[in-house]
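Colleague: Before we start, here is the structure in question, set down as structure tokens.
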Amino acid sequence: MNTFSPNMRPIIRQLDDSAINRIAAGEVVERPASAVKELVENAIDAGARRVTIELADGGKTLIRVTDDGCGMSADELPLALSRHATSKIDGSDLLNIHSFGFRGEALPSLGAVGRLTIQSRASGEEAAEIAVAGGQMAAVKPCALNGGTVVTLRDLFYATPARLKFLRSDRAEMQAISEVIKRLAMAEPSVGFTLRDVSEGKDRTTFRADPCSGDLFDALRGRLAQVMGAEFTDNALNIDAEREGFRLTGLAALPTYSRGSSVAQHLFVNGRPVQDRLLLGALRGAYADYLSRERHPAVALFVDCDPHKVDVNVHPAKSEVRFREPGLVRGLIVSALRHALAEAGHRASTTVAGATLGAMRPEPSGPPRVYQMDRPSQGALSSAYRAQAPMTPAEPYQPFEAQAPRPAEAGFAEFAGSFSGRVDPVEDGPKGADEALPLGAARGQVHENYIIAQTGDGIVIVDQHAAHERLVYEKLKHQMAERGVAAQALLIPEIVELSADDLSRLLSIADDLSRMGLTIEAFGGSAVAVRETPAILGEVNAKALLTDILDEIADFGSSQLVQEKIEAILSRVACHGSIRSGRRMRAEEMNALLREMEATPHSGQCNHGRPTYVELKLSDIERLFGRT
């Protein structure tokens with residue numbers, strides 16, 4: 001890459017304004033979505049209550065942003081197209097930022113690579129228009145406009161055609177623009193947004209969010225329901241916590257409402273949408289105990305603080321930030337989310353019941369596919385055949401009332417030859433006493449694994465093994481928290497050679513690692529000595545463990561690897577120590593399990609984030625049978 005020639009000394013030159021603007025555009029305007037983001041942020045900063053975005057061909061040939069903000073006078077229009085000219089800061093304090101934009105680079109950068117026209121009218125002023133194409137500015141002229149501003153950008157990157165080759169399809173660019181608008185809509189619930197596709201002379205509204213009113217959570221829930229869907233808000237918890245000048249608000253979904261990727265994770269700092277490694281790492285750490293690594297939580301979280309405590313000027317697109325006290329912010333996110341999830345108790349996502357009802361509805365005609373894992377065992381078939389076989393003459397029919405009742409306390413011997421379904425008698429007593437409880441009263445067990453309970457307005461189906469596994473796991477964690485993590489001292493400390501940077505990173509979290517049973521200390525040079533490891537992990541490859549911890553710090557800014565490994569061991573212990581599938585339970589055992597689930601936090605999902613129970617409302621069951 002080095003083009004230096006010993007026969008020719010390079011000469012320093014001053015670039016002209018056109019080249020400077022095109023270079024700036026390369027940093028700020030990566031694709032049409034970047035241009036839309038800059039223009040819509042300008043509209044919001046201007047106090048707009050409604051913003052309309054019109055696009056053609058994925059924003060490649062037309063982007064038009066119309067707002068009802070304060071507008072600009074004719075004298076300000078040429079200044080708006082000058083680099084580093086802005087109304088949002090005075091330049092005396094670059095940390096005191098209260099707006100989306102502050103650099104004054106967006107409009108001149110867009111004018112350098114496309115055909116830009118601005119029409120604007122300030123209150124008490126005449127409307128005016130200015131145009132710039134490829135960096136060449138035309139004179140200001142009058143125009144017709146009631147108020148606000150209309151910015152039209154045509155033929156993006158026509159002045160830098162090489163950039164056009166790197167754009168994706170119209171559909172992909174349109175999706176990227178839609179995501180930008182949705183993130184800004186979440187940040188500003190009081191502003192209305194309309195996104196329209198006017199390609200090929202058509203006019204199709206692809207996204208619309210009307211302004212939401214009310215207090216903080218009412219407006220936010222209303223806007224998030226418009227953007228992320230009502231299912232998210234129905235299964236999300238309110239988050240409101242504060243610590244040493246930082247405030248965290250928003251909504252976080254239950255673990256059972258998780259996604260296969262991180263597309264539903266939306267983070268904001270002082271109202272600005274960001275993709276920050278520190279915040280994403282804290283979010284991952286907060287849910288680490290409830291979700292497997294391939295599942296991702298759905299959240300919309302807002303961190304607010306004094307602008308001097310965060311630097312937003314560390315990325316060309318302002319998509320990353322740097323906190324003065326990153327550990328404080330991370331701790332606030334982890335503790336607030338875990339506290340909210342603990343308060344949710346045994347609650348599980350309503351989408352679980354929806355999926356169950358969907359599975360019960362009739363499928364299309366034709367023979368259903370039967371997979372090997374779904375084929376019943378020969379023993380189960382034999383039991384079912386015996387249960388459904390016609391009676392022999394030696395077994396005369398008896399009415400149900402005339403059959404001898406089985407003793408309720410007979411234990412498990414009575415089931416030795418029975419098939420895998422049974423009903424427990426309803427005890428005499430005040431009607432609805434247990435049914436009024438959240439998980440109801442046990443009424444039966446099927447396939448020696450699923451408890452059927454009756455509630456006041458429906459039924460609950462509980463996976464006995466998954467539920468008890470979570471209960472045992474929570475007990476083991478509580479015991480570990482009380483007694484601490486037992487450490488085993490190595491007879492001969494293991495010496496691991498690291499780079500100087502890696503050594504510094506590890507030693508900075510040495511106290512945290514020591515609390516988890518991993519004791520390290522500097523050993524001279526860039527080496528580290530591992531003196532103790534968590535006893536529960538058994539034999540440990542210290543070098544591989546430290547390398548994994550360093551990789552996690554590089555990715556997320558912190559590491560929960562040791563804690564996750566310990567909790568994974570506890571999870572496996574809980575799995576082996578819990579009620580197994582195939583265990584027949586008495587009525588009092590089933591009810592005791594239900595009561596313990598109600599009293600234990602996080603019992604609504606197993607250790608891998610799957611639901612431990614499904615609740616079906618009576619109205620849904622009646623709808624299945626066409627009774628409503």
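Ligands are numbered from 1 in the order shown, residues from 1 within each chain, and chains are lettered A, B, ... in the order they appear in the structure tokens.
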Please provide as an mmCIF file with C-alpha atoms, in the first residue's frame all residues within 12 Å of A:Leu220, with the sequence filter that same-chain residues fewer than 5 positions apart are discarded (counting only C-alpha atoms).

Modeller:
data_model
loop_
_atom_site.group_PDB
_atom_site.id
_atom_site.type_symbol
_atom_site.label_atom_id
_atom_site.label_comp_id
_atom_site.auth_asym_id
_atom_site.auth_seq_id
_atom_site.Cartn_x
_atom_site.Cartn_y
_atom_site.Cartn_z
ATOM 1 C CA ALA A 185 -39.664 7.112 16.146
ATOM 2 C CA MET A 186 -38.952 5.175 19.349
ATOM 3 C CA ALA A 187 -36.683 7.984 20.552
ATOM 4 C CA GLU A 188 -39.376 10.633 19.922
ATOM 5 C CA PRO A 189 -42.867 9.320 20.841
ATOM 6 C CA SER A 190 -44.374 12.822 20.637
ATOM 7 C CA VAL A 191 -43.400 13.230 16.961
ATOM 8 C CA PRO A 211 -47.807 11.190 17.881
ATOM 9 C CA CYS A 212 -48.359 9.555 21.291
ATOM 10 C CA SER A 213 -49.418 11.505 24.355
ATOM 11 C CA GLY A 214 -49.520 10.725 28.062
ATOM 12 C CA ASP A 215 -46.908 10.228 30.735
ATOM 13 C CA ALA A 225 -46.611 -0.951 20.171
ATOM 14 C CA GLN A 226 -46.664 0.910 16.830
ATOM 15 C CA VAL A 227 -43.037 0.072 16.043
ATOM 16 C CA MET A 228 -42.274 -3.288 17.705
ATOM 17 C CA THR A 233 -45.485 -4.395 24.927
ATOM 18 C CA ALA A 236 -42.506 -6.395 28.481
ATOM 19 C CA ASN A 238 -41.372 -1.370 32.825
ATOM 20 C CA ILE A 239 -37.790 -0.407 33.666
ATOM 21 C CA THR A 249 -36.026 3.755 31.588
ATOM 22 C CA GLY A 250 -37.787 1.690 28.953
ATOM 23 C CA LEU A 251 -39.273 -1.732 28.422
ATOM 24 C CA ALA A 300 -36.020 -0.728 24.262
ATOM 25 C CA LEU A 301 -33.865 0.980 26.893
ATOM 26 C CA PHE A 302 -33.074 4.659 27.379
#

Colleague: Quick one: of A:Leu153, A:Ala527, A:Thr600, A:Leu55, who's nearest to A:Arg204, counting only C-alpha atoms?

Modeller: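 Closest residue, counting only C-alpha atoms: A:Leu55.
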
Colleague: Can you list, as a VMD selection string, every protein, DNA or RNA residue that comes within 7 Å of stretch 338-344 of chain A when you count only C-alpha atoms, leaving out same-chain residues fewer than 2 positions away?

Modeller: chain A and resid 237 239 286 334 to 336 346 to 347 601 to 602

Colleague: When you look at stretch 561-575 of chain A with a cut-off of 7 Å (counting only C-alpha atoms), what residues show up, excluding the ones that are within fewer than 6 positions of it in the same chain? I need them as a PyMOL selection string.

Modeller: chain A and resi 469+472-473+476+516+536-537+549+607

Colleague: Given the selection you just returned, output its residues as a file containing N, CA, C and O atoms, formatted as a short mmCIF file (atom, residue, chain, number, x, y, z; two decimals), in the first residue's frame.

Modeller:
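Okay, this is what ended up in part-v6.cif:
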data_model
loop_
_atom_site.label_atom_id
_atom_site.label_comp_id
_atom_site.auth_asym_id
_atom_site.auth_seq_id
_atom_site.Cartn_x
_atom_site.Cartn_y
_atom_site.Cartn_z
N GLU A 469 -36.64 -28.27 37.65
CA GLU A 469 -35.24 -27.99 37.34
C GLU A 469 -34.92 -26.53 37.65
O GLU A 469 -33.89 -26.22 38.23
N VAL A 472 -34.83 -25.99 41.52
CA VAL A 472 -33.59 -26.49 42.12
C VAL A 472 -32.42 -25.57 41.76
O VAL A 472 -31.56 -25.27 42.60
N TYR A 473 -32.38 -25.10 40.53
CA TYR A 473 -31.31 -24.21 40.08
C TYR A 473 -31.29 -22.91 40.89
O TYR A 473 -30.23 -22.44 41.33
N LEU A 476 -29.83 -23.60 44.30
CA LEU A 476 -28.38 -23.76 44.25
C LEU A 476 -27.70 -22.40 44.11
O LEU A 476 -26.66 -22.15 44.76
N MET A 516 -15.28 -14.94 42.00
CA MET A 516 -15.85 -16.11 41.35
C MET A 516 -14.93 -17.32 41.49
O MET A 516 -15.15 -18.34 40.85
N ILE A 536 -15.85 -25.98 41.57
CA ILE A 536 -16.96 -26.66 40.90
C ILE A 536 -16.65 -26.97 39.44
O ILE A 536 -17.25 -27.86 38.84
N LEU A 537 -15.66 -26.26 38.87
CA LEU A 537 -15.31 -26.49 37.46
C LEU A 537 -14.38 -27.69 37.27
O LEU A 537 -14.14 -28.11 36.14
N ILE A 549 -11.78 -15.28 28.32
CA ILE A 549 -12.18 -14.09 29.08
C ILE A 549 -11.72 -12.82 28.36
O ILE A 549 -12.48 -11.84 28.24
N ASN A 607 -33.97 -23.24 32.53
CA ASN A 607 -32.62 -22.68 32.51
C ASN A 607 -32.17 -22.28 31.11
O ASN A 607 -31.12 -21.65 30.96
#

Colleague: Excluding A:Ala298 and residues on its chain fewer than 3 positions from it, collect all residues at most 7 Å away from it, counting only C-alpha atoms, and give them as a compact mmCIF listing (two decimals) with all heavy atoms, in the first residue's frame.

Modeller:
# COMPACT_ATOMS: atom_id res chain seq x y z
N ALA A 252 -38.42 -3.95 28.84
CA ALA A 252 -37.60 -5.15 28.60
C ALA A 252 -38.52 -6.36 28.59
O ALA A 252 -39.33 -6.54 29.50
CB ALA A 252 -36.53 -5.29 29.67
N ALA A 253 -38.41 -7.20 27.58
CA ALA A 253 -39.30 -8.33 27.42
C ALA A 253 -38.94 -9.46 28.37
O ALA A 253 -37.79 -9.59 28.82
CB ALA A 253 -39.28 -8.84 25.98
N SER A 258 -38.19 -14.17 23.58
CA SER A 258 -36.83 -13.92 23.08
C SER A 258 -36.80 -14.08 21.57
O SER A 258 -37.74 -14.59 20.96
CB SER A 258 -35.83 -14.87 23.75
OG SER A 258 -36.15 -16.21 23.47
N ARG A 259 -35.70 -13.65 20.96
CA ARG A 259 -35.56 -13.68 19.51
C ARG A 259 -34.33 -14.48 19.12
O ARG A 259 -33.42 -14.71 19.93
CB ARG A 259 -35.46 -12.26 18.96
CG ARG A 259 -36.59 -11.34 19.37
CD ARG A 259 -37.91 -11.74 18.73
NE ARG A 259 -37.86 -11.60 17.30
CZ ARG A 259 -38.18 -10.48 16.63
NH1 ARG A 259 -38.57 -9.42 17.31
NH2 ARG A 259 -38.12 -10.44 15.33
N ALA A 264 -34.17 -7.02 17.82
CA ALA A 264 -35.16 -6.35 18.67
C ALA A 264 -34.51 -5.69 19.87
O ALA A 264 -35.17 -5.44 20.87
CB ALA A 264 -36.23 -7.34 19.11
N GLN A 265 -33.22 -5.38 19.79
CA GLN A 265 -32.52 -4.70 20.87
C GLN A 265 -32.27 -3.25 20.46
O GLN A 265 -31.49 -2.99 19.53
CB GLN A 265 -31.20 -5.40 21.19
CG GLN A 265 -31.40 -6.80 21.74
CD GLN A 265 -30.10 -7.53 21.99
OE1 GLN A 265 -29.01 -6.99 21.78
NE2 GLN A 265 -30.19 -8.78 22.41
